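**Q** So that you have it, the file is target-v7.cif, and it contains mmCIF, C-alpha atoms:
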```
data_final
loop_
_atom_site.label_atom_id
_atom_site.label_comp_id
_atom_site.auth_asym_id
_atom_site.auth_seq_id
_atom_site.Cartn_x
_atom_site.Cartn_y
_atom_site.Cartn_z
CA MET A 291 -16.82 9.78 -26.18
CA GLU A 292 -13.38 8.73 -24.90
CA ARG A 293 -11.92 12.16 -25.66
CA GLU A 294 -14.73 13.96 -23.82
CA LEU A 295 -14.30 11.61 -20.86
CA VAL A 296 -10.58 12.38 -20.61
CA GLU A 297 -11.19 16.12 -20.93
CA LEU A 298 -13.74 16.08 -18.10
CA PHE A 299 -11.32 14.18 -15.88
CA GLU A 300 -8.46 16.59 -16.64
CA VAL A 301 -10.68 19.54 -15.63
CA ALA A 302 -11.50 17.80 -12.32
CA LYS A 303 -7.84 16.90 -11.68
CA LYS A 304 -6.52 20.41 -12.31
CA ALA A 305 -9.19 21.89 -10.06
CA ALA A 306 -8.32 19.36 -7.31
CA ASP A 307 -4.63 20.32 -7.47
CA ALA A 308 -5.56 23.99 -7.30
CA ALA A 309 -7.74 23.28 -4.24
CA ILE A 310 -4.74 21.74 -2.48
CA ALA A 311 -2.69 24.84 -3.23
CA ASP A 312 -5.47 27.00 -1.77
CA GLY A 313 -5.43 25.08 1.49
CA SER A 314 -7.83 22.25 0.52
CA THR A 315 -10.94 24.07 1.83
CA SER A 316 -14.25 22.76 0.55
CA ARG A 317 -15.58 26.25 -0.12
CA SER A 318 -12.78 27.44 -2.41
CA PRO A 319 -13.61 28.15 -6.08
CA ALA A 320 -11.19 25.43 -7.21
CA ALA A 321 -12.96 22.85 -5.04
CA SER A 322 -16.34 23.93 -6.45
CA ARG A 323 -15.03 23.52 -10.01
CA CYS A 324 -13.72 20.06 -9.16
CA VAL A 325 -17.07 19.01 -7.65
CA ASP A 326 -18.95 20.27 -10.71
CA ALA A 327 -16.64 18.31 -13.02
CA LEU A 328 -17.09 15.16 -10.91
CA LYS A 329 -20.87 15.57 -11.08
CA GLN A 330 -20.63 15.68 -14.88
CA LEU A 331 -18.47 12.54 -14.81
CA LYS A 332 -21.06 10.89 -12.59
CA SER A 333 -23.80 11.42 -15.20
CA PHE A 334 -21.53 10.90 -18.23
CA PRO A 335 -22.43 7.75 -20.24
CA VAL A 336 -19.43 5.43 -20.10
CA SER A 337 -18.77 1.87 -21.16
CA TYR A 338 -16.33 -0.86 -20.21
CA ASP A 339 -14.29 -0.33 -23.39
CA ALA A 340 -14.04 3.43 -22.81
CA LEU A 341 -12.83 2.98 -19.22
CA VAL A 342 -10.23 0.42 -20.29
CA ALA A 343 -8.98 2.53 -23.19
CA THR A 344 -8.63 5.78 -21.21
CA GLN A 345 -7.61 4.29 -17.83
CA VAL A 346 -9.53 7.15 -16.19
CA GLY A 347 -10.73 4.89 -13.37
CA LYS A 348 -7.21 4.27 -12.08
CA ARG A 349 -6.33 7.96 -12.27
CA LEU A 350 -9.52 8.92 -10.45
CA ARG A 351 -8.39 6.92 -7.39
CA GLN A 352 -5.93 9.72 -6.64
CA LEU A 353 -8.86 12.02 -5.85
CA THR A 354 -10.19 9.59 -3.21
CA LYS A 355 -7.20 10.65 -1.07
CA HIS A 356 -7.89 14.38 -1.47
CA PRO A 357 -7.88 16.43 1.77
CA SER A 358 -11.26 17.91 0.93
CA GLY A 359 -14.05 15.67 2.16
CA THR A 360 -16.49 16.84 -0.53
CA ILE A 361 -14.12 15.99 -3.38
CA LYS A 362 -13.21 12.67 -1.78
CA SER A 363 -16.84 11.57 -1.34
CA MET A 364 -17.80 12.64 -4.85
CA ALA A 365 -14.84 10.73 -6.35
CA LEU A 366 -15.86 7.62 -4.41
CA ASP A 367 -19.42 7.90 -5.76
CA VAL A 368 -18.16 8.10 -9.35
CA LEU A 369 -15.90 5.08 -8.84
CA GLU A 370 -18.79 3.04 -7.43
CA ILE A 371 -20.96 3.84 -10.45
CA TRP A 372 -18.18 2.89 -12.87
CA LYS A 373 -17.44 -0.30 -10.97
CA LYS A 374 -21.08 -1.34 -11.26
CA ILE A 375 -21.02 -0.65 -15.03
CA ILE A 376 -17.91 -2.82 -15.46
CA ILE A 377 -19.41 -5.69 -13.45
CA ASP A 378 -22.70 -5.59 -15.38
CA GLU A 379 -21.02 -5.54 -18.79
CA THR A 380 -18.56 -8.27 -17.83
CA THR A 381 -21.36 -10.54 -16.60
CA LYS A 382 -23.37 -9.91 -19.76
CA ASN A 383 -20.39 -10.66 -22.02
CA LYS A 384 -19.65 -13.90 -20.18
CA LYS A 385 -23.22 -15.12 -20.66
CA ASN A 386 -23.24 -14.25 -24.37
CA GLY A 387 -19.74 -15.45 -25.15
CA SER A 388 -19.53 -18.73 -23.22
CA SER A 389 -21.13 -20.75 -26.01
CA GLY A 390 -18.89 -19.33 -28.72
CA ASP A 391 -15.54 -19.66 -26.96
CA LEU A 392 -14.75 -23.03 -28.49
CA THR A 393 -15.62 -21.86 -32.01
CA ALA A 394 -13.51 -18.72 -31.63
CA LYS A 395 -10.51 -20.71 -30.51
CA MET A 396 -10.87 -23.13 -33.43
CA GLU A 397 -11.00 -20.26 -35.90
CA LYS A 398 -7.68 -18.97 -34.60
CA ALA A 399 -5.98 -22.33 -35.16
CA ASP A 400 -3.74 -22.46 -38.21
CA ALA A 401 -4.54 -25.14 -40.77
CA VAL A 402 -1.35 -25.94 -42.62
CA LYS A 403 -0.88 -28.29 -45.53
CA VAL A 404 1.97 -30.69 -45.03
CA GLU A 405 3.67 -32.69 -47.73
CA SER A 406 4.05 -36.34 -46.99
CA SER A 407 7.45 -37.96 -46.90
CA ARG A 408 8.77 -41.34 -45.78
CA SER A 409 10.65 -40.14 -42.68
CA SER A 410 9.03 -36.92 -41.46
CA VAL A 411 6.33 -34.38 -41.99
CA ALA A 412 7.46 -30.84 -42.77
CA VAL A 413 5.14 -28.27 -41.20
CA LYS A 414 4.98 -24.89 -42.87
CA ASN A 415 3.95 -21.44 -41.58
CA VAL A 416 4.37 -22.40 -37.95
CA ALA A 417 6.57 -20.32 -35.68
CA LYS A 418 9.64 -22.07 -34.33
CA SER A 419 8.97 -20.86 -30.80
CA GLU A 420 5.64 -22.70 -30.60
CA ASN A 421 4.90 -26.33 -29.94
CA VAL A 422 2.70 -27.90 -32.59
CA ALA A 423 0.28 -30.74 -32.05
CA VAL A 424 -0.31 -32.33 -35.41
CA GLU A 425 -3.26 -34.50 -36.18
CA LYS A 426 -2.88 -36.33 -39.43
CA ILE A 427 -5.97 -36.85 -41.49
CA HIS A 428 -5.41 -39.14 -44.44
CA ILE A 429 -7.62 -38.25 -47.34
CA ARG A 430 -7.43 -40.35 -50.46
CA ASP A 431 -7.48 -38.27 -53.57
CA GLU A 432 -10.14 -39.86 -55.71
CA ALA A 433 -8.77 -38.34 -58.92
CA ASN A 434 -5.22 -39.60 -58.31
CA ALA A 435 -5.94 -42.78 -56.43
CA SER A 436 -3.06 -44.59 -58.06
CA ARG A 437 -0.56 -42.01 -56.98
CA SER A 438 0.60 -41.17 -53.47
CA SER A 439 -2.04 -39.81 -51.14
CA SER A 440 -1.81 -36.30 -49.90
CA GLU A 441 -1.86 -35.67 -46.20
CA TYR A 442 -3.39 -32.75 -44.48
CA VAL A 443 -2.68 -31.77 -40.95
CA LYS A 444 -4.36 -29.48 -38.61
CA ALA A 445 -1.88 -27.56 -36.53
CA LYS A 446 -2.80 -26.00 -33.28
CA ARG A 447 -0.66 -23.67 -31.35
CA ILE A 448 -0.01 -24.70 -27.80
CA SER A 449 0.89 -21.78 -25.67
CA GLU A 450 3.91 -22.39 -23.55
CA GLU A 451 4.07 -21.29 -19.98
CA LYS A 452 6.80 -18.74 -19.98
CA PRO A 453 9.14 -18.85 -16.99
CA PRO A 454 8.87 -15.90 -14.66
CA SER A 455 10.92 -13.12 -16.12
CA SER A 456 13.47 -11.38 -13.97
CA ALA A 457 12.92 -8.16 -15.84
CA LYS A 458 11.40 -5.34 -13.88
CA LYS A 459 7.68 -4.93 -14.14
CA PRO A 460 6.55 -1.65 -15.65
CA SER A 461 5.66 0.87 -13.05
CA GLN A 462 1.99 1.31 -12.33
CA SER A 463 2.45 5.03 -12.20
CA SER A 464 2.04 5.42 -15.98
CA ASN A 465 -1.56 6.52 -15.42
CA ALA A 466 -0.82 8.52 -12.27
CA PRO A 467 -0.73 12.32 -12.40
CA PRO A 468 2.63 13.79 -13.39
CA LYS A 469 5.06 14.48 -10.60
CA LEU A 470 5.41 18.03 -9.36
CA THR A 471 8.65 19.65 -10.45
CA THR A 472 8.47 22.52 -7.97
CA MET A 473 6.93 22.97 -4.56
CA VAL A 474 3.38 24.38 -4.51
CA LYS A 475 3.55 27.62 -2.53
CA CYS A 476 0.73 29.00 -0.40
CA ASN A 477 2.11 32.52 0.27
CA ASP A 478 2.73 31.67 3.93
CA SER A 479 6.35 31.42 5.00
CA LEU A 480 5.65 29.08 7.93
CA ARG A 481 3.55 26.67 5.88
CA ASP A 482 6.00 26.76 2.96
CA LYS A 483 8.86 25.91 5.34
CA ILE A 484 6.99 22.88 6.70
CA ARG A 485 6.22 21.68 3.17
CA GLU A 486 9.91 21.92 2.24
CA LEU A 487 10.98 19.98 5.34
CA LEU A 488 8.40 17.26 4.65
CA ALA A 489 9.43 17.00 0.99
CA GLU A 490 13.08 16.72 2.00
CA ALA A 491 12.25 13.89 4.41
CA PHE A 492 10.09 11.99 1.89
CA SER A 493 12.79 12.33 -0.79
CA LYS A 494 15.15 10.25 1.38
CA VAL A 495 12.89 7.20 1.25
CA ALA A 496 14.13 6.11 -2.19
CA SER A 497 17.66 5.68 -0.83
CA GLU A 498 16.47 3.90 2.33
CA VAL A 499 14.31 1.09 0.90
CA ASP A 500 15.39 -2.24 -0.55
CA GLN A 501 15.61 -2.94 -4.26
CA ASP A 502 12.29 -4.84 -4.13
CA MET A 503 10.38 -1.70 -3.13
CA ARG A 504 12.33 0.77 -5.26
CA ASP A 505 9.79 0.80 -8.13
CA GLU A 506 6.86 1.37 -5.79
CA VAL A 507 8.63 4.23 -4.03
CA ASP A 508 9.77 5.83 -7.30
CA ALA A 509 6.15 5.90 -8.45
CA CYS A 510 5.22 8.20 -5.55
CA ASP A 511 5.57 11.98 -5.63
CA PRO A 512 7.30 13.34 -2.49
CA LEU A 513 6.33 16.93 -3.28
CA ARG A 514 2.66 16.11 -3.74
CA VAL A 515 2.55 13.99 -0.57
CA ALA A 516 4.26 16.77 1.39
CA VAL A 517 1.67 19.30 0.19
CA VAL A 518 -1.23 16.99 1.11
CA VAL A 519 0.17 16.20 4.58
CA GLU A 520 0.84 19.86 5.38
CA SER A 521 -2.62 20.88 4.12
CA VAL A 522 -4.31 18.33 6.39
CA MET A 523 -2.16 19.41 9.35
CA PHE A 524 -3.09 23.05 8.76
CA GLU A 525 -6.78 22.24 8.30
CA LYS A 526 -7.04 20.05 11.44
CA MET A 527 -4.54 21.72 13.80
CA GLY A 528 -4.19 25.29 12.59
CA ARG A 529 -0.89 27.13 12.31
CA SER A 530 2.35 25.59 13.51
CA ASN A 531 2.94 28.37 16.04
CA GLY A 532 -0.52 28.07 17.57
CA THR A 533 -1.95 25.88 20.28
CA GLN A 534 -0.88 22.67 18.51
CA LYS A 535 2.78 23.64 18.06
CA PHE A 536 3.99 20.77 20.25
CA LYS A 537 2.03 18.29 18.11
CA TYR A 538 3.63 19.86 15.03
CA ARG A 539 7.09 19.40 16.58
CA SER A 540 6.38 15.77 17.48
CA ILE A 541 5.24 14.90 13.93
CA MET A 542 8.12 16.71 12.24
CA PHE A 543 10.70 15.18 14.60
CA ASN A 544 9.51 11.63 13.96
CA ILE A 545 9.25 12.07 10.19
CA LYS A 546 12.76 13.54 9.95
CA ASP A 547 14.30 11.13 12.45
CA PRO A 548 17.15 9.24 10.69
CA ASN A 549 16.45 6.21 12.91
CA ASN A 550 12.77 6.05 11.93
CA PRO A 551 12.65 5.39 8.13
CA ASP A 552 9.55 3.17 8.42
CA LEU A 553 7.27 6.10 9.31
CA ARG A 554 8.43 8.15 6.30
CA ARG A 555 8.02 5.21 3.95
CA ARG A 556 4.53 4.30 5.18
CA VAL A 557 3.30 7.89 4.84
CA LEU A 558 4.81 8.25 1.35
CA LEU A 559 3.24 5.00 0.13
CA GLY A 560 -0.15 5.91 1.57
CA GLN A 561 -0.16 3.16 4.19
CA ILE A 562 -0.64 5.90 6.82
CA GLN A 563 -3.13 8.55 5.74
CA PRO A 564 -2.50 12.18 6.78
CA GLU A 565 -5.64 12.14 8.94
CA ARG A 566 -4.27 9.12 10.83
CA LEU A 567 -0.80 10.68 11.13
CA ILE A 568 -1.98 13.75 13.05
CA SER A 569 -3.86 11.55 15.56
CA MET A 570 -0.96 9.18 16.30
CA THR A 571 0.79 9.35 19.65
CA PRO A 572 4.60 9.67 19.90
CA GLU A 573 4.75 6.01 20.95
CA GLU A 574 2.86 4.97 17.81
CA MET A 575 5.08 7.07 15.55
CA ALA A 576 8.30 5.77 17.11
CA SER A 577 10.36 3.13 15.35
CA ASP A 578 10.41 -0.50 16.49
CA GLU A 579 13.88 -0.06 17.95
CA ARG A 580 12.78 2.99 19.92
CA ARG A 581 9.71 1.18 21.24
CA LYS A 582 11.91 -1.65 22.47
CA GLU A 583 14.22 0.80 24.23
CA ASN A 584 11.26 2.55 25.90
CA SER A 585 9.95 -0.80 27.13
CA GLN A 586 13.33 -1.67 28.63
CA ILE A 587 13.54 1.74 30.30
CA LYS A 588 10.11 1.27 31.89
CA GLU A 589 11.00 -2.20 33.18
CA LYS A 590 14.27 -0.93 34.62
CA ALA A 591 12.53 2.02 36.27
CA LEU A 592 9.94 -0.29 37.81
CA PHE A 593 12.65 -2.58 39.13
CA ASP A 594 14.58 0.38 40.58
CA CYS A 595 11.44 1.56 42.32
CA GLU A 596 11.05 -1.81 43.96
CA ARG A 597 14.70 -1.79 45.02
CA GLY A 598 14.21 1.64 46.54
CA GLY A 599 11.55 0.30 48.88
CA PRO A 600 11.95 -1.06 52.38
CA PRO A 601 15.20 -2.88 53.22
CA LYS A 602 15.15 -6.57 52.29
CA ALA A 603 15.79 -9.41 54.70
CA THR A 604 17.77 -12.55 53.84
CA THR A 605 16.18 -15.96 54.41
CA ASP A 606 16.37 -19.58 53.27
CA GLN A 607 12.66 -20.24 53.68
CA PHE A 608 11.87 -19.66 49.98
CA LYS A 609 13.08 -21.87 47.16
CA CYS A 610 13.78 -20.33 43.76
CA GLY A 611 11.76 -21.95 40.98
CA ARG A 612 14.42 -21.19 38.39
CA CYS A 613 17.72 -22.35 39.92
CA GLY A 614 16.44 -24.29 42.96
CA GLN A 615 18.61 -22.34 45.47
CA ARG A 616 17.31 -21.08 48.83
CA LYS A 617 19.46 -17.92 49.02
CA THR A 618 16.77 -15.25 48.79
CA THR A 619 15.90 -11.80 50.03
CA TYR A 620 12.38 -10.50 50.63
CA TYR A 621 10.37 -7.53 51.73
CA GLN A 622 6.67 -6.89 52.34
CA LEU A 623 4.30 -4.10 51.23
CA GLN A 624 0.65 -3.39 51.88
CA THR A 625 -0.52 -3.30 48.25
CA ARG A 626 -4.19 -4.04 48.94
CA SER A 627 -6.74 -2.86 51.49
CA ALA A 628 -5.83 -2.72 55.16
CA ASP A 629 -7.76 -5.85 56.09
CA GLU A 630 -5.88 -7.93 53.52
CA PRO A 631 -2.50 -9.60 54.18
CA MET A 632 0.67 -7.93 52.98
CA THR A 633 2.30 -8.84 49.66
CA THR A 634 5.74 -10.48 49.91
CA PHE A 635 8.31 -9.73 47.18
CA VAL A 636 11.09 -12.32 46.91
CA THR A 637 14.37 -12.06 44.97
CA CYS A 638 16.79 -14.92 44.39
CA VAL A 639 20.36 -13.89 45.22
CA ASN A 640 21.82 -16.55 42.90
CA CYS A 641 19.95 -15.91 39.60
CA ASN A 642 18.13 -12.61 40.34
CA ASN A 643 14.72 -14.21 39.78
CA HIS A 644 11.73 -12.24 41.15
CA TRP A 645 8.34 -13.43 42.33
CA LYS A 646 5.67 -12.39 44.79
CA PHE A 647 2.86 -13.93 46.81
CA CYS A 648 0.25 -12.86 49.33
#
```
Could you spell out this file's structure in structure tokens?

**A**
Amino acid sequence: MERELVELFEVAKKAADAAIADGSTSRSPAASRCVDALKQLKSFPVSYDALVATQVGKRLRQLTKHPSGTIKSMALDVLEIWKKIIIDETTKNKKNGSSGDLTAKMEKADAVKVESSRSSVAVKNVAKSENVAVEKIHIRDEANASRSSSEYVKAKRISEEKPPSSAKKPSQSSNAPPKLTTMVKCNDSLRDKIRELLAEAFSKVASEVDQDMRDEVDACDPLRVAVVVESVMFEKMGRSNGTQKFKYRSIMFNIKDPNNPDLRRRVLLGQIQPERLISMTPEEMASDERRKENSQIKEKALFDCERGGPPKATTDQFKCGRCGQRKTTYYQLQTRSADEPMTTFVTCVNCNNHWKFC
């Protein structure tokens, strides 16, 4: 059963990859083959042990990010069914096995015969790396009552809490699909060029992240992510030289921007889905540093607009709330309706503090 389960999944995975190469359309033959294979997986009788042994459930999660909506929804349905099977079997096993847990643990304990001595008790067949709790049970040998009594001990292994190891954790990508070695072509020079530019940008992420995130980034496939992103862009926005060419330019500029590594990393790790990427504004795609600069530019432009207004008069009638000085300049504008009083803008000459009142 496990072998048939893996074979069905491999058929679905190959068809899904072929659908991406075809442009991720739901009506392509490859997409139809993938949907048929997923339907067979949906009705295939599986068990908790089979899913754990084959790890097909983890690998199927890759299809939930497929550009095709039909394949994505079908993969989600299969995962929901498998999740329910795992929960039911786990609950059933807990109910049946709760009463026998203590007996099972006692059977695993090692009973070791220990020879009695005046100063110490030598314990045999116990690993040196394990702590041993010894319970002495004195049993008088009825046949040899006049001689020394033999002692029996019951040794139980006490598991030590191992300190956190500094060794690197194995990558979770062992069950992920193999990385693409070459770019998947679609026989369109414009689309192939965009895929190459995206793959080049995503390949830089490994050298831009910290050591803590290196394993997670290495587990991702830049070529596969580039193909998926380009396929979604083509499906939602059309060709790059069409009506959405300026949106294409904005996305490509921000992804390739050397000062915006966060956007590349988040797209590569799946934190930003391709569908979300094509709907983001330039302000949302910009880096934190760029957003801060834009905010400063807007504030400066607003202040310059105010300075370009009517000439300001100098007065000592207003007291600055920041420095307490009375050296101020002011001007008035009609910012509300005509029957409302004018708004007075005041600037402290000493500390450049601004405030207004009506």

**Q** Env of segment 639-648 of chain A: 7 Å cut, atoms = all atoms listed in the file, seq-sep filter 4 positions within chain, self excluded. Answer as a list in words.

**A**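 The residues satisfying every condition are Cys613, Lys617, Thr618, Thr619, Pro631, Met632, Thr633, Thr634 and Phe635 of chain A.
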
**Q** Given the choices A:Ala305, A:Leu558, A:Ala496, A:Val296, which gets closest to Asp508 of chain A if the distance is worked out from only C-alpha atoms?

**A**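 Smallest separation from Asp508 of chain A among the options: A:Ala496.
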
**Q** Please measure the separation of atom CA of Val325 of chain A and atom CA of Gln563 of chain A, giving the value in Å to one decimal.

**A** 22.0 Å

**Q** Could you tell me, as a ChimeraX atom specification, exactly which residues end up selected when the PyMOL selection byres ((chain A and resi 300) around 12) is applied to this structure?

**A** /A:293-299,301-307,323-324,327-328,331,344,346,349-350,353,466-468

**Q** Neighbours of Cys510 of chain A within 9 Å (only C-alpha atoms; same-chain residues fewer than 4 positions away dropped), as a PDB file with C-alpha atoms, keeping the file's coordinate frame?

**A**
```
ATOM      1  CA  SER A 463       2.450   5.030 -12.200  1.00  0.00           C
ATOM      2  CA  LYS A 469       5.060  14.480 -10.600  1.00  0.00           C
ATOM      3  CA  GLU A 506       6.860   1.370  -5.790  1.00  0.00           C
ATOM      4  CA  ARG A 514       2.660  16.110  -3.740  1.00  0.00           C
ATOM      5  CA  VAL A 515       2.550  13.990  -0.570  1.00  0.00           C
ATOM      6  CA  LEU A 558       4.810   8.250   1.350  1.00  0.00           C
ATOM      7  CA  LEU A 559       3.240   5.000   0.130  1.00  0.00           C
TER       8      LEU A 559
END
```

**Q** Using all atoms listed in the file, can you tell me which of A:Val368, A:Met473, A:Ile587, A:Val557 comes closest to Phe492 of chain A?

**A**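 Closest residue, counting all atoms listed in the file: A:Val557.
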
**Q** Quick one: everything within 7 Å of segment 553-555 of chain A, counting only C-alpha atoms, minus sequence neighbours fewer than 5 positions away in the same chain. Send it as a list of chain:residue names.

**A**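 Counting only the stated atoms, we get A:Phe492, A:Val495, A:Ile545, A:Met575.
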
**Q** The selected residues should be written to file as an mmCIF file, keeping the file's coordinate frame (atoms: C-alpha atoms).

**A**
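After the write, out-v5.cif holds the following:
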```cif
data_model
loop_
_atom_site.group_PDB
_atom_site.id
_atom_site.type_symbol
_atom_site.label_atom_id
_atom_site.label_comp_id
_atom_site.auth_asym_id
_atom_site.auth_seq_id
_atom_site.Cartn_x
_atom_site.Cartn_y
_atom_site.Cartn_z
ATOM 1 C CA PHE A 492 10.090 11.990 1.890
ATOM 2 C CA VAL A 495 12.890 7.200 1.250
ATOM 3 C CA ILE A 545 9.250 12.070 10.190
ATOM 4 C CA MET A 575 5.080 7.070 15.550
#
```

**Q** Grab the atom CA of Asp594 of chain A to atom CA of Asp629 of chain A distance for me, in Å with one decimal place.

**A** 27.9 Å

**Q** Report, in Å with one decimal, the straight-line distance from atom CA of Ala320 of chain A to atom CA of Ala509 of chain A.

**A** 26.1 Å

**Q** Hey, which of A:Ile376, A:Val499, A:Ala591, A:Met523 ends up closest to Pro551 of chain A? Count all atoms listed in the file.

**A**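 Selected residue with least distance to Pro551 of chain A: A:Val499.
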
**Q** Out of A:Tyr338, A:Val474, A:Asp312, A:Lys588, which residue has the shortest atom-to-atom distance to Lys382 of chain A when counting all atoms listed in the file?

**A**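 Closest candidate: A:Tyr338.
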
**Q** My list of candidates is A:Ile375, A:Ala309, A:Ile484, A:Ala365. Which is closest to Ser530 of chain A when distances are computed with all atoms listed in the file?

**A**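 The answer is A:Ile484, which sits nearest to Ser530 of chain A.
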
**Q** Segment 487-489 of chain A: which residues within 7 Å, counting only C-alpha atoms, same-chain residues fewer than 3 positions away excluded, as a VMD selection string?

**A** chain A and resid 483 to 484 492 to 493 512 to 513 516

**Q** For segment 619-645 of chain A versus segment 602-610 of chain A, which residues have an atom no more than 7 Å away, and what is each residue's nearest atom pair and distance in Å rounded to one decimal, using only C-alpha atoms, chain-then-number order, as JSON lines?

**A**
```
{"residue": "A:Thr619", "atom": "CA", "partner": "A:Thr604", "partner_atom": "CA", "distance": 4.3}
{"residue": "A:Tyr620", "atom": "CA", "partner": "A:Lys602", "partner_atom": "CA", "distance": 5.1}
{"residue": "A:Tyr621", "atom": "CA", "partner": "A:Lys602", "partner_atom": "CA", "distance": 4.9}
{"residue": "A:Cys638", "atom": "CA", "partner": "A:Cys610", "partner_atom": "CA", "distance": 6.2}
```

**Q** When you count all atoms listed in the file, which of these residues is closest to Met542 of chain A: A:Asp578, A:Glu486, A:Glu525, A:Asp511?

**A**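 For Met542 of chain A, the nearest of the candidates is A:Glu486.
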